[in-house]
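Single-structure report; data block below.
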Amino acid sequence: MTDPECTGGGDYPSDCEITQGLRQRALDRAGRQGRSYAWKNAMGRAAAVKLLLLDVDGVLTDSTIVYGPQGYEMKAFSTRDGFGIRLLREAGVETGLITARQSETVRRRADDLGLRHVYQGQGEKIQVWRQILAAEKLAPEQVAYMGDDWLDLPLLLRAGLAATVADAVAEVKETVHYVTRQPGGRGAVRELCELIIDARGQREELFASYAR
């Protein structure tokens, strides 16, 4: 999209025109590289999403758990996933997590990301799902969920947009609407966030706010 106020008027392009050109090239390149048939096929469902809920182990992490001194649990999170969640919030979509495990590390990461819905120690995730949808007055088709294993199936079967990571178990891959190219803890959540942003028609606007 061209800014009508961005004109050089001389023999050489202005700084504004150069920035705008680079921005457009980046958007075009992203479109060529990342828009698979599966991506395009999921756009309709993604456009309706108002809330994204995530599993943690195997989705926000690579499923590895390291126990430190006194049994302290350590996990590794992707900063790209975190930034994707930030972008999604800027696009007007809230994000939360539902996990069967209990971890102080997860609580800290959720605080860092400003997640609105954080539920740990939930062996029966469907109960939390119903609670959140009722509280937020959302229909299932307005909620996306990303999980990677059997415990996630009750939510994946109900979500308007069900997604999983590249290294999820086979039964989950066969159930969902979208499988990311990236594995868990390595950009899968960022990929899903970008899909939702694309479907809402907000990618260019958000990118422009950073590429100044």
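Here, A, B, ... name the chains of the structure tokens in the order displayed, residue numbers run from 1 inside each chain, and ligands are numbered from 1 in the same displayed order.
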Stretch 71-79 of chain A: which residues within 12 Å, counting only C-alpha atoms, same-chain residues fewer than 4 positions away excluded, as an mmCIF file with N, CA and C atoms, in the first residue's frame?
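File written: out_31.cif
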```cif
data_model
loop_
_atom_site.group_PDB
_atom_site.id
_atom_site.type_symbol
_atom_site.label_atom_id
_atom_site.label_comp_id
_atom_site.auth_asym_id
_atom_site.auth_seq_id
_atom_site.Cartn_x
_atom_site.Cartn_y
_atom_site.Cartn_z
ATOM 1 N N VAL A 56 1.355 -26.133 26.694
ATOM 2 C CA VAL A 56 2.711 -25.630 26.964
ATOM 3 C C VAL A 56 3.774 -26.603 26.471
ATOM 4 N N ASP A 57 3.894 -27.758 27.135
ATOM 5 C CA ASP A 57 4.952 -28.711 26.790
ATOM 6 C C ASP A 57 4.735 -29.272 25.390
ATOM 7 N N GLY A 58 5.716 -29.083 24.531
ATOM 8 C CA GLY A 58 5.609 -29.554 23.162
ATOM 9 C C GLY A 58 5.013 -28.532 22.218
ATOM 10 N N VAL A 59 4.513 -27.423 22.757
ATOM 11 C CA VAL A 59 3.947 -26.347 21.933
ATOM 12 C C VAL A 59 4.740 -25.059 22.152
ATOM 13 N N LEU A 60 4.681 -24.525 23.365
ATOM 14 C CA LEU A 60 5.514 -23.374 23.705
ATOM 15 C C LEU A 60 6.952 -23.794 24.028
ATOM 16 N N THR A 61 7.150 -25.078 24.277
ATOM 17 C CA THR A 61 8.500 -25.624 24.494
ATOM 18 C C THR A 61 8.697 -26.806 23.542
ATOM 19 N N ASP A 62 9.921 -27.329 23.531
ATOM 20 C CA ASP A 62 10.191 -28.499 22.678
ATOM 21 C C ASP A 62 9.888 -29.800 23.403
ATOM 22 N N SER A 63 9.188 -29.708 24.524
ATOM 23 C CA SER A 63 8.762 -30.821 25.389
ATOM 24 C C SER A 63 9.859 -31.327 26.319
ATOM 25 N N THR A 64 11.042 -30.729 26.245
ATOM 26 C CA THR A 64 12.126 -31.119 27.156
ATOM 27 C C THR A 64 11.924 -30.480 28.526
ATOM 28 N N ILE A 65 12.143 -31.259 29.577
ATOM 29 C CA ILE A 65 12.091 -30.756 30.949
ATOM 30 C C ILE A 65 13.419 -31.067 31.620
ATOM 31 N N VAL A 66 14.041 -30.062 32.211
ATOM 32 C CA VAL A 66 15.317 -30.241 32.917
ATOM 33 C C VAL A 66 15.082 -29.938 34.389
ATOM 34 N N TYR A 67 15.484 -30.860 35.257
ATOM 35 C CA TYR A 67 15.359 -30.652 36.689
ATOM 36 C C TYR A 67 16.678 -30.158 37.251
ATOM 37 N N PHE A 83 7.065 -13.059 20.743
ATOM 38 C CA PHE A 83 6.763 -11.863 19.959
ATOM 39 C C PHE A 83 5.508 -12.078 19.114
ATOM 40 N N GLY A 84 5.311 -13.309 18.642
ATOM 41 C CA GLY A 84 4.089 -13.616 17.904
ATOM 42 C C GLY A 84 2.855 -13.401 18.760
ATOM 43 N N ILE A 85 2.933 -13.800 20.025
ATOM 44 C CA ILE A 85 1.820 -13.596 20.955
ATOM 45 C C ILE A 85 1.583 -12.109 21.176
ATOM 46 N N ARG A 86 2.666 -11.342 21.270
ATOM 47 C CA ARG A 86 2.539 -9.888 21.411
ATOM 48 C C ARG A 86 1.833 -9.284 20.193
ATOM 49 N N ARG A 101 0.537 -29.810 33.530
ATOM 50 C CA ARG A 101 1.595 -29.737 34.527
ATOM 51 C C ARG A 101 1.519 -28.433 35.309
ATOM 52 N N GLN A 102 2.256 -28.388 36.415
ATOM 53 C CA GLN A 102 2.332 -27.201 37.251
ATOM 54 C C GLN A 102 3.790 -26.775 37.313
ATOM 55 N N SER A 103 4.085 -25.530 36.979
ATOM 56 C CA SER A 103 5.477 -25.098 36.916
ATOM 57 C C SER A 103 5.598 -23.610 37.209
ATOM 58 N N GLU A 104 6.539 -23.266 38.080
ATOM 59 C CA GLU A 104 6.824 -21.864 38.357
ATOM 60 C C GLU A 104 7.418 -21.183 37.124
ATOM 61 N N THR A 105 8.186 -21.952 36.345
ATOM 62 C CA THR A 105 8.776 -21.413 35.120
ATOM 63 C C THR A 105 7.687 -20.973 34.145
ATOM 64 N N VAL A 106 6.649 -21.767 34.025
ATOM 65 C CA VAL A 106 5.538 -21.422 33.141
ATOM 66 C C VAL A 106 4.812 -20.180 33.653
ATOM 67 N N ARG A 107 4.641 -20.088 34.959
ATOM 68 C CA ARG A 107 3.985 -18.911 35.518
ATOM 69 C C ARG A 107 4.763 -17.648 35.182
ATOM 70 N N ARG A 108 6.082 -17.723 35.311
ATOM 71 C CA ARG A 108 6.918 -16.553 35.007
ATOM 72 C C ARG A 108 6.825 -16.187 33.530
ATOM 73 N N ARG A 109 6.839 -17.197 32.665
ATOM 74 C CA ARG A 109 6.744 -16.915 31.235
ATOM 75 C C ARG A 109 5.378 -16.307 30.896
ATOM 76 N N ALA A 110 4.339 -16.823 31.506
ATOM 77 C CA ALA A 110 2.995 -16.279 31.272
ATOM 78 C C ALA A 110 2.912 -14.827 31.728
ATOM 79 N N ASP A 112 5.465 -12.737 31.859
ATOM 80 C CA ASP A 112 6.262 -11.968 30.899
ATOM 81 C C ASP A 112 5.452 -11.639 29.645
ATOM 82 N N LEU A 113 4.640 -12.598 29.204
ATOM 83 C CA LEU A 113 3.873 -12.429 27.973
ATOM 84 C C LEU A 113 2.550 -11.705 28.184
ATOM 85 N N GLN A 182 6.877 -25.515 11.594
ATOM 86 C CA GLN A 182 7.864 -25.454 12.658
ATOM 87 C C GLN A 182 7.508 -26.407 13.807
ATOM 88 N N PRO A 183 8.512 -26.953 14.490
ATOM 89 C CA PRO A 183 8.254 -27.830 15.635
ATOM 90 C C PRO A 183 7.928 -27.033 16.891
ATOM 91 N N GLY A 184 7.459 -27.731 17.906
ATOM 92 C CA GLY A 184 7.131 -27.093 19.166
ATOM 93 C C GLY A 184 8.332 -26.421 19.802
ATOM 94 N N GLY A 185 8.117 -25.217 20.343
ATOM 95 C CA GLY A 185 9.194 -24.484 20.994
ATOM 96 C C GLY A 185 10.182 -23.861 20.044
ATOM 97 N N ARG A 186 9.910 -23.936 18.731
ATOM 98 C CA ARG A 186 10.852 -23.441 17.731
ATOM 99 C C ARG A 186 10.133 -22.616 16.667
ATOM 100 N N GLY A 187 9.142 -21.856 17.076
ATOM 101 C CA GLY A 187 8.469 -20.978 16.139
ATOM 102 C C GLY A 187 7.101 -21.432 15.684
ATOM 103 N N ALA A 188 6.598 -22.552 16.192
ATOM 104 C CA ALA A 188 5.278 -23.036 15.782
ATOM 105 C C ALA A 188 4.169 -22.073 16.199
ATOM 106 N N VAL A 189 4.263 -21.547 17.415
ATOM 107 C CA VAL A 189 3.243 -20.615 17.889
ATOM 108 C C VAL A 189 3.289 -19.318 17.084
ATOM 109 N N ARG A 190 4.480 -18.836 16.781
ATOM 110 C CA ARG A 190 4.610 -17.625 15.949
ATOM 111 C C ARG A 190 3.931 -17.845 14.595
#
```
Q.
Applying 12 Å and only C-alpha atoms, which residues near A:Asn41 remain after dropping the ones on its own chain fewer than 3 positions away? List them as number ranges by chain.
A. A: 35-38, 44-47, 161, 177-179, 195, 199
Export, as a JSON list (two decimals), in the first residue's frame, the selected residues with C-alpha atoms.
```json
[["chain", "number", "residue", "atom", "x", "y", "z"],
["A", 35, "ARG", "CA", 1.55, -19.39, 2.09],
["A", 36, "SER", "CA", 1.04, -23.09, 1.55],
["A", 37, "TYR", "CA", -2.25, -24.72, 0.53],
["A", 38, "ALA", "CA", -2.80, -25.73, 4.17],
["A", 44, "GLY", "CA", -11.52, -18.94, 6.82],
["A", 45, "ARG", "CA", -11.46, -20.51, 10.26],
["A", 46, "ALA", "CA", -8.60, -18.28, 11.43],
["A", 47, "ALA", "CA", -10.48, -15.11, 10.48],
["A", 161, "LEU", "CA", -9.35, -23.58, 14.52],
["A", 177, "HIS", "CA", -7.16, -28.12, 10.70],
["A", 178, "TYR", "CA", -3.57, -26.88, 10.49],
["A", 179, "VAL", "CA", -0.13, -28.40, 11.12],
["A", 195, "LEU", "CA", -1.81, -17.16, 10.21],
["A", 199, "ALA", "CA", -6.65, -14.03, 8.07]]
```
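The coordinates place atom CA of A:Gln142 at 5.9 Å from atom CA of A:Gly160.
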Q: as an MDAnalysis selection string, list the residues of stretch 2-212 of chain A assigned to strand (DSSP E) by DSSP on the backbone atoms of this structure.
A: chainID A and resid 51:54 66:67 73:74 94:98 117:119 143:146 161:164 178:179
Q | Backbone DSSP call of helix (DSSP H, G or I) for stretch 49-196 of chain A, listed as a PyMOL selection string | A | chain A and resi 69-71+79-90+104-113+125-136+140-142+150-156+170-173+188-196
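Between atom CA of A:Arg130 and atom CA of A:Lys40 the separation is 28.8 Å.
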Q.
Applying 12 Å and only C-alpha atoms, which residues near A:Asp198 remain after dropping the ones on its own chain fewer than 3 positions away? List them as a ChimeraX atom specification.
A. /A:27,30-31,34-35,39-40,42-49,87-88,91,191-195,201-207
Q | Atom pair atom CA of A:Gly147 / atom CA of A:Ala162: separation (Å) | A |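 That distance, rounded to one decimal, is 8.2 Å.
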**Q.** All residues 8 Å or closer to stretch 148-159 of chain A, only C-alpha atoms, same chain fewer than 2 positions away omitted, as a PyMOL selection string
**A.** chain A and resi 55+58-59+123+125-126+129+140-146+161-165+167-169+171-172+175-176
Can I get the selection written as a PDB file, in the first residue's frame, with N, CA and C atoms?
```pdb
ATOM      1  N   ASP A  55      -1.454 -25.241  24.620  1.00  0.00           N
ATOM      2  CA  ASP A  55      -0.786 -26.164  25.528  1.00  0.00           C
ATOM      3  C   ASP A  55       0.622 -25.604  25.743  1.00  0.00           C
ATOM      4  N   GLY A  58       5.716 -29.083  24.531  1.00  0.00           N
ATOM      5  CA  GLY A  58       5.609 -29.554  23.162  1.00  0.00           C
ATOM      6  C   GLY A  58       5.013 -28.532  22.218  1.00  0.00           C
ATOM      7  N   VAL A  59       4.513 -27.423  22.757  1.00  0.00           N
ATOM      8  CA  VAL A  59       3.947 -26.347  21.933  1.00  0.00           C
ATOM      9  C   VAL A  59       4.740 -25.059  22.152  1.00  0.00           C
ATOM     10  N   GLY A 123      -5.589 -31.611  34.443  1.00  0.00           N
ATOM     11  CA  GLY A 123      -5.633 -32.908  33.788  1.00  0.00           C
ATOM     12  C   GLY A 123      -6.851 -33.067  32.898  1.00  0.00           C
ATOM     13  N   LYS A 125      -8.726 -30.857  30.724  1.00  0.00           N
ATOM     14  CA  LYS A 125      -8.693 -29.530  30.104  1.00  0.00           C
ATOM     15  C   LYS A 125     -10.064 -29.062  29.621  1.00  0.00           C
ATOM     16  N   ILE A 126     -10.945 -29.977  29.336  1.00  0.00           N
ATOM     17  CA  ILE A 126     -12.241 -29.607  28.788  1.00  0.00           C
ATOM     18  C   ILE A 126     -13.046 -28.754  29.771  1.00  0.00           C
ATOM     19  N   TRP A 129     -11.783 -25.263  29.425  1.00  0.00           N
ATOM     20  CA  TRP A 129     -12.258 -24.774  28.129  1.00  0.00           C
ATOM     21  C   TRP A 129     -13.680 -24.218  28.243  1.00  0.00           C
ATOM     22  N   PRO A 140     -17.403 -21.786  20.224  1.00  0.00           N
ATOM     23  CA  PRO A 140     -16.218 -22.592  19.910  1.00  0.00           C
ATOM     24  C   PRO A 140     -15.520 -22.160  18.625  1.00  0.00           C
ATOM     25  N   GLU A 141     -16.287 -21.718  17.627  1.00  0.00           N
ATOM     26  CA  GLU A 141     -15.663 -21.330  16.357  1.00  0.00           C
ATOM     27  C   GLU A 141     -14.855 -20.045  16.463  1.00  0.00           C
ATOM     28  N   GLN A 142     -14.970 -19.333  17.596  1.00  0.00           N
ATOM     29  CA  GLN A 142     -14.194 -18.110  17.808  1.00  0.00           C
ATOM     30  C   GLN A 142     -12.910 -18.368  18.586  1.00  0.00           C
ATOM     31  N   VAL A 143     -12.646 -19.624  18.877  1.00  0.00           N
ATOM     32  CA  VAL A 143     -11.474 -19.981  19.677  1.00  0.00           C
ATOM     33  C   VAL A 143     -10.560 -20.927  18.896  1.00  0.00           C
ATOM     34  N   ALA A 144      -9.268 -20.632  18.918  1.00  0.00           N
ATOM     35  CA  ALA A 144      -8.254 -21.521  18.343  1.00  0.00           C
ATOM     36  C   ALA A 144      -7.527 -22.216  19.481  1.00  0.00           C
ATOM     37  N   TYR A 145      -7.152 -23.451  19.243  1.00  0.00           N
ATOM     38  CA  TYR A 145      -6.372 -24.188  20.249  1.00  0.00           C
ATOM     39  C   TYR A 145      -5.233 -24.924  19.565  1.00  0.00           C
ATOM     40  N   MET A 146      -4.053 -24.887  20.201  1.00  0.00           N
ATOM     41  CA  MET A 146      -2.901 -25.619  19.696  1.00  0.00           C
ATOM     42  C   MET A 146      -2.399 -26.582  20.767  1.00  0.00           C
ATOM     43  N   LEU A 161     -10.611 -23.364  15.233  1.00  0.00           N
ATOM     44  CA  LEU A 161      -9.354 -23.579  14.521  1.00  0.00           C
ATOM     45  C   LEU A 161      -8.471 -24.445  15.405  1.00  0.00           C
ATOM     46  N   ALA A 162      -8.296 -25.701  15.023  1.00  0.00           N
ATOM     47  CA  ALA A 162      -7.447 -26.633  15.767  1.00  0.00           C
ATOM     48  C   ALA A 162      -6.105 -26.724  15.050  1.00  0.00           C
ATOM     49  N   ALA A 163      -5.023 -26.523  15.797  1.00  0.00           N
ATOM     50  CA  ALA A 163      -3.694 -26.529  15.189  1.00  0.00           C
ATOM     51  C   ALA A 163      -2.733 -27.359  16.025  1.00  0.00           C
ATOM     52  N   THR A 164      -1.682 -27.836  15.372  1.00  0.00           N
ATOM     53  CA  THR A 164      -0.647 -28.564  16.092  1.00  0.00           C
ATOM     54  C   THR A 164       0.707 -28.279  15.466  1.00  0.00           C
ATOM     55  N   VAL A 165       1.745 -28.792  16.107  1.00  0.00           N
ATOM     56  CA  VAL A 165       3.120 -28.520  15.694  1.00  0.00           C
ATOM     57  C   VAL A 165       3.623 -29.613  14.766  1.00  0.00           C
ATOM     58  N   ASP A 167       6.052 -31.612  14.959  1.00  0.00           N
ATOM     59  CA  ASP A 167       6.504 -32.850  15.596  1.00  0.00           C
ATOM     60  C   ASP A 167       5.466 -33.425  16.565  1.00  0.00           C
ATOM     61  N   ALA A 168       4.205 -33.124  16.353  1.00  0.00           N
ATOM     62  CA  ALA A 168       3.142 -33.689  17.192  1.00  0.00           C
ATOM     63  C   ALA A 168       2.957 -35.169  16.901  1.00  0.00           C
ATOM     64  N   VAL A 169       2.223 -35.843  17.775  1.00  0.00           N
ATOM     65  CA  VAL A 169       1.942 -37.259  17.550  1.00  0.00           C
ATOM     66  C   VAL A 169       0.990 -37.406  16.370  1.00  0.00           C
ATOM     67  N   GLU A 171      -1.778 -39.052  15.735  1.00  0.00           N
ATOM     68  CA  GLU A 171      -3.232 -38.964  15.910  1.00  0.00           C
ATOM     69  C   GLU A 171      -3.698 -37.511  15.976  1.00  0.00           C
ATOM     70  N   VAL A 172      -2.879 -36.657  16.558  1.00  0.00           N
ATOM     71  CA  VAL A 172      -3.226 -35.239  16.637  1.00  0.00           C
ATOM     72  C   VAL A 172      -3.113 -34.584  15.262  1.00  0.00           C
ATOM     73  N   THR A 175      -6.098 -34.996  13.221  1.00  0.00           N
ATOM     74  CA  THR A 175      -7.328 -34.418  13.757  1.00  0.00           C
ATOM     75  C   THR A 175      -7.488 -32.941  13.436  1.00  0.00           C
ATOM     76  N   VAL A 176      -6.378 -32.198  13.365  1.00  0.00           N
ATOM     77  CA  VAL A 176      -6.428 -30.741  13.339  1.00  0.00           C
ATOM     78  C   VAL A 176      -6.693 -30.155  11.954  1.00  0.00           C
TER      79      VAL A 176
END
```
Tell me which protein, DNA and RNA residues are within 7 Å of A:Arg116, counting only C-alpha atoms, leaving out same-chain ones fewer than 2 positions away, and put them as a PDB file with C-alpha atoms, in the first residue's frame.
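So around_15.pdb came out as:
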```pdb
ATOM      1  CA  THR A  95      -4.043 -15.554  24.261  1.00  0.00           C
ATOM      2  CA  GLY A  96      -3.910 -18.020  27.138  1.00  0.00           C
ATOM      3  CA  GLY A 114       0.939 -10.807  29.744  1.00  0.00           C
ATOM      4  CA  VAL A 118      -3.374 -19.126  32.631  1.00  0.00           C
TER       5      VAL A 118
END
```
